[in-house]
Every structure is written in C-alpha cells, then in structure tokens.
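J.: My file is data-v3.cif. It has mmCIF, C-alpha atoms:
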data_model
loop_
_atom_site.label_atom_id
_atom_site.label_comp_id
_atom_site.auth_asym_id
_atom_site.auth_seq_id
_atom_site.Cartn_x
_atom_site.Cartn_y
_atom_site.Cartn_z
CA ASN A 1 102.24 115.55 82.86
CA SER A 2 103.27 112.20 81.42
CA LEU A 3 100.37 110.49 83.28
CA LEU A 4 97.93 113.08 81.97
CA ASN A 5 99.24 112.66 78.41
CA LYS A 6 98.95 108.86 78.62
CA HIS A 7 95.44 109.21 80.04
CA ALA A 8 94.48 111.60 77.23
CA ASP A 9 95.75 109.02 74.70
CA ALA A 10 93.63 106.33 76.35
CA MET A 11 90.53 108.53 76.30
CA ASP A 12 91.16 109.45 72.64
CA ASN A 13 91.14 105.72 71.92
CA TYR A 14 87.96 104.98 73.89
CA PRO A 15 86.91 101.47 72.77
CA GLU A 16 83.80 100.78 70.78
CA PRO A 17 82.11 97.40 71.31
CA SER A 18 82.29 95.04 68.38
CA VAL A 19 80.60 91.65 68.67
CA LEU A 20 81.66 89.22 65.97
CA PRO A 21 80.17 85.78 65.28
CA ARG A 22 82.33 82.73 65.96
CA GLU A 23 80.61 80.87 63.15
CA GLU A 24 77.96 81.66 60.54
CA THR A 25 75.05 80.49 62.74
CA ASP A 26 76.10 83.06 65.40
CA ARG A 27 75.59 86.02 63.03
CA PRO A 28 72.03 86.96 64.21
CA THR A 29 73.07 86.80 67.88
CA ALA A 30 76.18 88.89 67.19
CA GLU A 31 74.04 91.51 65.42
CA GLN A 32 71.61 91.62 68.37
CA LEU A 33 74.45 91.98 70.87
CA SER A 34 76.03 94.70 68.72
CA SER A 35 72.96 96.82 69.33
CA ILE A 36 72.41 95.81 72.99
CA VAL A 37 75.95 96.19 74.41
CA PRO A 38 76.33 99.92 73.54
CA VAL A 39 73.03 100.65 75.33
CA ILE A 40 74.19 98.79 78.44
CA LEU A 41 77.47 100.73 78.39
CA GLU A 42 75.60 104.03 77.99
CA HIS A 43 73.19 103.27 80.86
CA ASN A 44 76.15 102.51 83.12
CA ASP A 45 78.04 105.70 82.17
CA PHE A 46 80.87 103.45 81.02
CA GLU A 47 82.95 106.32 79.68
CA GLN A 48 83.38 107.62 83.25
CA ILE A 49 84.17 104.11 84.53
CA TYR A 50 86.69 103.66 81.70
CA ASN A 51 88.21 107.03 82.70
CA ASP A 52 88.58 105.89 86.34
CA VAL A 53 90.06 102.51 85.41
CA GLU A 54 92.54 104.10 83.00
CA PHE A 55 93.82 106.36 85.80
CA ALA A 56 94.12 103.30 88.07
CA LYS A 57 96.12 101.48 85.37
CA LEU A 58 98.53 104.39 85.04
CA LYS A 59 98.99 104.81 88.79
CA HIS A 60 98.93 101.20 90.00
CA GLY A 61 99.71 99.08 86.94
CA THR A 62 96.32 97.44 86.55
CA GLY A 63 92.65 98.25 86.22
CA ILE A 64 89.74 96.00 87.14
CA TYR A 65 86.14 96.09 85.94
CA GLY A 66 83.33 94.40 87.86
CA ILE A 67 80.29 93.38 85.82
CA PHE A 68 77.30 92.39 87.94
CA TRP A 69 73.56 91.83 87.80
CA ASP A 70 71.66 94.46 89.81
CA GLY A 71 68.11 93.27 90.53
CA ASN A 72 67.11 96.74 91.80
CA LYS A 73 67.72 98.52 88.50
CA LEU A 74 64.82 99.49 86.24
CA ASN A 75 62.26 99.46 89.06
CA GLY A 76 63.07 95.90 90.12
CA LEU A 77 63.28 94.44 86.62
CA GLY A 78 67.08 94.27 86.91
CA ASP A 79 69.93 95.04 84.56
CA VAL A 80 73.68 94.76 84.18
CA THR A 81 75.83 97.15 86.21
CA ILE A 82 79.51 97.92 85.63
CA GLN A 83 81.89 99.22 88.29
CA ALA A 84 85.55 100.05 88.67
CA ILE A 85 87.07 97.72 91.28
CA ASP A 86 89.99 98.73 93.48
CA ALA A 87 92.74 96.07 93.36
CA LEU A 88 93.30 96.40 97.13
CA GLU A 89 89.73 95.14 97.67
CA LEU A 90 90.35 91.76 95.96
CA PHE A 91 91.75 88.62 97.54
CA TRP A 92 92.34 85.18 96.03
CA GLU A 93 94.36 82.03 96.71
CA PRO A 94 98.04 82.63 97.46
CA GLY A 95 100.34 81.39 94.71
CA ILE A 96 97.67 81.58 92.01
CA ARG A 97 98.75 83.82 89.14
CA ASP A 98 95.55 83.49 87.08
CA ILE A 99 92.61 84.67 89.21
CA GLN A 100 90.28 82.52 87.07
CA LYS A 101 91.97 79.42 88.51
CA SER A 102 91.45 80.44 92.14
CA GLN A 103 88.80 78.37 93.94
CA ASN A 104 87.87 81.40 96.08
CA VAL A 105 87.84 85.11 95.30
CA PHE A 106 86.85 87.71 97.88
CA HIS A 107 85.84 91.31 97.20
CA VAL A 108 85.89 93.32 100.45
CA LYS A 109 84.36 96.79 100.76
CA LEU A 110 83.58 99.04 103.70
CA GLU A 111 79.94 100.12 103.96
CA ASP A 112 78.16 102.35 106.45
CA ILE A 113 76.58 100.27 109.20
CA ASP A 114 73.33 102.30 109.15
CA VAL A 115 72.99 101.69 105.39
CA LEU A 116 73.55 97.95 105.94
CA ILE A 117 70.84 97.85 108.62
CA ARG A 118 68.38 99.61 106.30
CA LYS A 119 69.24 97.17 103.52
CA TYR A 120 69.23 94.09 105.80
CA PRO A 121 66.87 94.75 108.75
CA PHE A 122 67.79 91.46 110.47
CA LEU A 123 71.17 93.06 111.32
CA GLU A 124 69.43 95.43 113.79
CA GLY A 125 70.80 94.85 117.29
CA LYS A 126 73.73 92.71 116.13
CA ASN A 127 77.25 93.76 117.01
CA ILE A 128 78.50 94.80 113.57
CA THR A 129 82.02 96.14 113.58
CA ASN A 130 84.83 96.55 111.13
CA SER A 131 86.62 93.43 112.37
CA PHE A 132 88.24 92.63 109.04
CA ASP A 133 91.38 94.69 108.45
CA THR A 134 92.25 95.25 104.80
CA ALA A 135 95.12 96.93 103.01
CA HIS A 136 94.76 100.63 102.35
CA TYR A 137 96.58 103.41 100.58
CA ALA A 138 99.08 105.50 102.54
CA TYR A 139 96.80 108.54 102.37
CA ASP A 140 93.78 106.58 103.70
CA ASP A 141 95.00 106.42 107.32
CA ASN A 142 92.98 109.48 108.42
CA ILE A 143 89.62 108.11 107.25
CA ASP A 144 87.22 107.31 110.11
CA THR A 145 85.96 103.75 109.70
CA SER A 146 84.37 103.41 113.16
CA LYS A 147 80.83 103.47 111.69
CA LYS A 148 81.61 101.13 108.83
CA ALA A 149 81.68 97.35 108.45
CA SER A 150 83.46 95.10 106.00
CA VAL A 151 81.08 93.53 103.50
CA ILE A 152 82.58 90.53 101.76
CA ASP A 153 81.43 89.18 98.41
CA TRP A 154 82.68 85.60 98.16
CA TYR A 155 82.85 83.93 94.76
CA TYR A 156 83.73 80.22 94.85
CA ARG A 157 83.56 77.15 92.68
CA LYS A 158 81.49 74.13 93.68
CA ASP A 159 81.21 71.17 91.33
CA GLY A 160 82.69 73.34 88.56
CA LYS A 161 79.99 76.02 88.92
CA LEU A 162 80.55 79.53 90.18
CA GLN A 163 78.70 80.25 93.45
CA TYR A 164 78.22 83.50 95.38
CA CYS A 165 77.77 84.52 99.01
CA LYS A 166 77.63 87.99 100.63
CA PHE A 167 78.41 88.43 104.31
CA VAL A 168 79.72 90.67 107.06
CA PRO A 169 82.04 88.80 109.45
CA GLY A 170 79.78 86.63 111.60
CA THR A 171 76.59 87.02 109.56
CA VAL A 172 75.64 85.75 106.08
CA LEU A 173 73.56 88.36 104.25
CA PHE A 174 72.59 86.01 101.43
CA ALA A 175 73.96 83.02 99.56
#
The structure given in the file should be rewritten as structure tokens.
T.:
Amino acid sequence: NSLLNKHADAMDNYPEPSVLPREETDRPTAEQLSSIVPVILEHNDFEQIYNDVEFAKLKHGTGIYGIFWDGNKLNGLGDVTIQAIDALELFWEPGIRDIQKSQNVFHVKLEDIDVLIRKYPFLEGKNITNSFDTAHYAYDDNIDTSKKASVIDWYYRKDGKLQYCKFVPGTVLFA
C-alpha cells in the first residue's frame, strides 16, 4: 500500500514541461519549444512511460528514460521517441559514478531472432545466438530466451563527440 500511495502522489504531480530562456535572445526559441515539447510528449504517450518509470523508481531506487531519434516514425520522416529503460540493461565503465563521464555505455536488450532477420536481412543464415549473458530479475529465470539474441547499442566518445554503433555479438548492424 505504501508503494501505491507513493506512486499515486507521483502521478498527481505529473510534470508539465516548462522551457525557460537562458538569456533574453533565447526567448523566441524557448516559446517555440514550449509549444513543441508537449506535443512530442503526447505523441510518445509520455504519461504511461512516466507511470512505468515511477514504479521502477519505487521498486529499484532509480528510473531511466531513453530519448532517441526514430527514423521510421511519421512514415519515414522521423521523430523523437521516449522509452523507459531497465537499469539491468545498462553497462558502463567500472568505477565511474557519473555515467556521463564513461567513455563507453552499452544498452543490451533481447530481441526475437526472426524479427532481427526481417529488420536486417543480411543476418539470414548467420549463427545468431544469445551468447551475451546479462543480469536478470529473480522471477525472469523461467523465460525462454532460446529464440532471442542480445542486441547491443554502444554509445562511445571519440574526439569528444558521441558516437553510436548497434550490433549483435559477432555482427555489426550499423555504425
């Protein structure tokens, strides 16, 4: 009951975006963003994502949002997408307390092999297995992962710029 009450408090205090200018010349941009950001949140069903992340915070002590560009949205035009990220799916440099200072960050998810082959036809005939063992919750041990493969999103810094690579162990999907 205490978790449900805390969650209800969080949902009662659902945040509203407020974009403020840093200086007077930023005022027009801040006004534009103040009308754009709520639309992006609405298109991504952010209230449901906020709900999920708030439950994760209460259960596990932290909640993580992933904000990405999805080139397939809006019939290929592309748009921002927002997702709740499971903390057990993230890896960064040992000893680093601030994830922003890590040179490498990995986001590992299991995906169905047949879906991966449809998405990336060059994987057809390759030996794709779930060779990358990740942490899981105690209640996850009965989930069949024999037809799934680890897909790793690798974010790294090169010459001070953030770079990105997506791969399954043994095969780069794109960089």
J.: If we count only C-alpha atoms and set the cut-off at 8 Å, which residues sit around Asp112 in chain A, ignoring sequence neighbours fewer than 4 positions away in its own chain? Please answer as a list in words.
T.: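 Close residues of Asp112 in chain A: Leu116, Lys147, Lys148 and Ala149 of chain A.
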J.: Take the PyMOL selection byres ((chain A and resi 90) around 10), run it mentally on this structure, and tell me the resulting residues as a count of residues only.
T.: 17
J.: For range 164-173 of chain A, list every protein, DNA or RNA residue within 6 Å, evaluated using only C-alpha atoms, and leave out those in the same chain fewer than 2 positions away; present the list as a ChimeraX atom specification.
T.: /A:150-155,175
J.: Generate a file of the selected residues that holds C-alpha atoms, formatted as a short mmCIF file (atom, residue, chain, number, x, y, z; two decimals), keeping the file's coordinate frame.
T.:
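Contents of the output file result13.cif:
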data_model
loop_
_atom_site.label_atom_id
_atom_site.label_comp_id
_atom_site.auth_asym_id
_atom_site.auth_seq_id
_atom_site.Cartn_x
_atom_site.Cartn_y
_atom_site.Cartn_z
CA SER A 150 83.46 95.10 106.00
CA VAL A 151 81.08 93.53 103.50
CA ILE A 152 82.58 90.53 101.76
CA ASP A 153 81.43 89.18 98.41
CA TRP A 154 82.68 85.60 98.16
CA TYR A 155 82.85 83.93 94.76
CA ALA A 175 73.96 83.02 99.56
#
J.: From (95.1, 110.1, 78.1), in the file's coordinates, out to 12 Å: which residues are reached, counting all atoms listed in the file? Answer as a list in words.
T.: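 Using all atoms listed in the file, the matching residues come out as Asn1, Ser2, Leu3, Leu4, Asn5, Lys6, His7, Ala8, Asp9, Ala10, Met11, Asp12, Asn13, Tyr14, Tyr50, Asn51, Asp52, Val53, Glu54, Phe55, Lys57 and Leu58 of chain A.
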J.: For the structure shown, which residues end up in the PyMOL selection byres ((chain A and resi 69) around 9)? Put them as a list in words, please?
T.: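 Given this file, the PyMOL selection byres ((chain A and resi 69) around 9) evaluates to Ile67, Phe68, Asp70, Gly71, Lys73, Gly78, Asp79, Val80, Thr81 and Ile82 of chain A.
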J.: Quick one: distance from CA of Gly160 in chain A to CA of Gln100 in chain A in Å, one decimal?
T.: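 Computing it gives 12.0 Å between the two atoms.
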J.: Using CA of Ser35 in chain A and CA of Ala84 in chain A as the two end points, give the distance in Å to one decimal.
T.: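 Straight-line distance from CA of Ser35 in chain A to CA of Ala84 in chain A works out to 23.3 Å.
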J.: Applying 10 Å and all atoms listed in the file, which residues near Glu16 in chain A remain after dropping the ones on its own chain fewer than 2 positions away? List them as a PyMOL selection string.
T.: chain A and resi 13-14+18-19+37-38+41
J.: Using only C-alpha atoms, which residues sit within 10 Å of Thr29 in chain A once same-chain residues fewer than 4 positions away are excluded, as a PDB file with C-alpha atoms, in the frame of the given file?
T.:
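Ended up saving to out_15.pdb:
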ATOM      1  CA  VAL A  19      80.600  91.650  68.670  1.00  0.00           C
ATOM      2  CA  LEU A  20      81.660  89.220  65.970  1.00  0.00           C
ATOM      3  CA  PRO A  21      80.170  85.780  65.280  1.00  0.00           C
ATOM      4  CA  THR A  25      75.050  80.490  62.740  1.00  0.00           C
ATOM      5  CA  LEU A  33      74.450  91.980  70.870  1.00  0.00           C
ATOM      6  CA  SER A  34      76.030  94.700  68.720  1.00  0.00           C
TER       7      SER A  34
END
J.: Which of these, A:Asn104, A:Gly125, A:Tyr120, A:Pro15, has the shortest distance to Gln163 in chain A once you count only C-alpha atoms?
T.: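 Residue with the minimum atom-to-atom distance to Gln163 in chain A: A:Asn104.
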J.: How many Å separate CA of Pro94 in chain A from CA of Thr62 in chain A?
T.: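 Those two atoms sit 18.5 Å apart.
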J.: Write out as an NGL selection string which residues come within 8 Å of Gln103 in chain A when counting all atoms listed in the file, dropping same-chain ones fewer than 3 positions away.
T.: :A and (92-93 or 156-157)
J.: Please complete range 61-96 of chain A so it has N, CA and C atoms, and hand it over as a CSV table (one decimal), in the frame of the given file.
T.:
chain,number,residue,atom,x,y,z
A,61,GLY,N,99.3,100.2,87.8
A,61,GLY,CA,99.7,99.1,86.9
A,61,GLY,C,98.6,98.2,86.5
A,62,THR,N,97.4,98.3,87.0
A,62,THR,CA,96.3,97.4,86.6
A,62,THR,C,95.0,98.2,86.8
A,63,GLY,N,94.0,97.7,86.0
A,63,GLY,CA,92.6,98.2,86.2
A,63,GLY,C,91.7,97.1,86.2
A,64,ILE,N,90.7,97.1,87.0
A,64,ILE,CA,89.7,96.0,87.1
A,64,ILE,C,88.3,96.5,87.0
A,65,TYR,N,87.6,95.8,86.1
A,65,TYR,CA,86.1,96.1,85.9
A,65,TYR,C,85.3,95.0,86.6
A,66,GLY,N,84.3,95.4,87.3
A,66,GLY,CA,83.3,94.4,87.9
A,66,GLY,C,82.0,94.5,87.1
A,67,ILE,N,81.5,93.4,86.6
A,67,ILE,CA,80.3,93.4,85.8
A,67,ILE,C,79.3,92.5,86.6
A,68,PHE,N,78.2,93.1,87.0
A,68,PHE,CA,77.3,92.4,87.9
A,68,PHE,C,75.9,92.5,87.5
A,69,TRP,N,75.0,91.7,88.0
A,69,TRP,CA,73.6,91.8,87.8
A,69,TRP,C,73.0,92.6,89.0
A,70,ASP,N,72.3,93.7,88.8
A,70,ASP,CA,71.7,94.5,89.8
A,70,ASP,C,70.1,94.3,89.7
A,71,GLY,N,69.6,93.5,90.6
A,71,GLY,CA,68.1,93.3,90.5
A,71,GLY,C,67.3,94.5,90.9
A,72,ASN,N,67.9,95.5,91.4
A,72,ASN,CA,67.1,96.7,91.8
A,72,ASN,C,67.0,97.7,90.7
A,73,LYS,N,67.8,97.6,89.6
A,73,LYS,CA,67.7,98.5,88.5
A,73,LYS,C,66.4,98.4,87.8
A,74,LEU,N,66.0,99.5,87.1
A,74,LEU,CA,64.8,99.5,86.2
A,74,LEU,C,63.6,99.1,87.0
A,75,ASN,N,63.4,99.7,88.2
A,75,ASN,CA,62.3,99.5,89.1
A,75,ASN,C,62.1,98.0,89.4
A,76,GLY,N,63.2,97.3,89.7
A,76,GLY,CA,63.1,95.9,90.1
A,76,GLY,C,63.2,94.9,89.0
A,77,LEU,N,63.2,95.4,87.8
A,77,LEU,CA,63.3,94.4,86.6
A,77,LEU,C,64.7,93.9,86.5
A,78,GLY,N,65.7,94.7,86.9
A,78,GLY,CA,67.1,94.3,86.9
A,78,GLY,C,67.8,94.6,85.6
A,79,ASP,N,69.1,94.8,85.7
A,79,ASP,CA,69.9,95.0,84.6
A,79,ASP,C,71.4,94.9,85.0
A,80,VAL,N,72.2,94.9,84.0
A,80,VAL,CA,73.7,94.8,84.2
A,80,VAL,C,74.2,96.1,84.8
A,81,THR,N,75.1,96.0,85.7
A,81,THR,CA,75.8,97.2,86.2
A,81,THR,C,77.3,96.9,86.1
A,82,ILE,N,78.1,98.0,85.8
A,82,ILE,CA,79.5,97.9,85.6
A,82,ILE,C,80.2,98.9,86.6
A,83,GLN,N,81.2,98.4,87.3
A,83,GLN,CA,81.9,99.2,88.3
A,83,GLN,C,83.4,99.1,88.1
A,84,ALA,N,84.1,100.1,88.5
A,84,ALA,CA,85.6,100.0,88.7
A,84,ALA,C,85.8,99.4,90.0
A,85,ILE,N,86.7,98.4,90.1
A,85,ILE,CA,87.1,97.7,91.3
A,85,ILE,C,88.5,98.1,91.7
A,86,ASP,N,88.7,98.4,92.9
A,86,ASP,CA,90.0,98.7,93.5
A,86,ASP,C,90.7,97.4,93.7
A,87,ALA,N,92.0,97.3,93.2
A,87,ALA,CA,92.7,96.1,93.4
A,87,ALA,C,93.0,95.7,94.8
A,88,LEU,N,93.1,96.7,95.7
A,88,LEU,CA,93.3,96.4,97.1
A,88,LEU,C,92.1,95.8,97.8
A,89,GLU,N,90.9,95.7,97.1
A,89,GLU,CA,89.7,95.1,97.7
A,89,GLU,C,89.6,93.7,97.3
A,90,LEU,N,90.5,93.1,96.4
A,90,LEU,CA,90.4,91.8,96.0
A,90,LEU,C,91.4,90.8,96.6
A,91,PHE,N,90.9,89.6,96.9
A,91,PHE,CA,91.8,88.6,97.5
A,91,PHE,C,91.5,87.3,96.9
A,92,TRP,N,92.5,86.5,96.6
A,92,TRP,CA,92.3,85.2,96.0
A,92,TRP,C,93.4,84.3,96.6
A,93,GLU,N,93.4,83.0,96.1
A,93,GLU,CA,94.4,82.0,96.7
A,93,GLU,C,95.8,82.5,96.5
A,94,PRO,N,96.6,82.3,97.6
A,94,PRO,CA,98.0,82.6,97.5
A,94,PRO,C,98.7,81.7,96.4
A,95,GLY,N,99.6,82.2,95.7
A,95,GLY,CA,100.3,81.4,94.7
A,95,GLY,C,99.7,81.2,93.4
A,96,ILE,N,98.4,81.7,93.3
A,96,ILE,CA,97.7,81.6,92.0
A,96,ILE,C,98.0,82.8,91.2
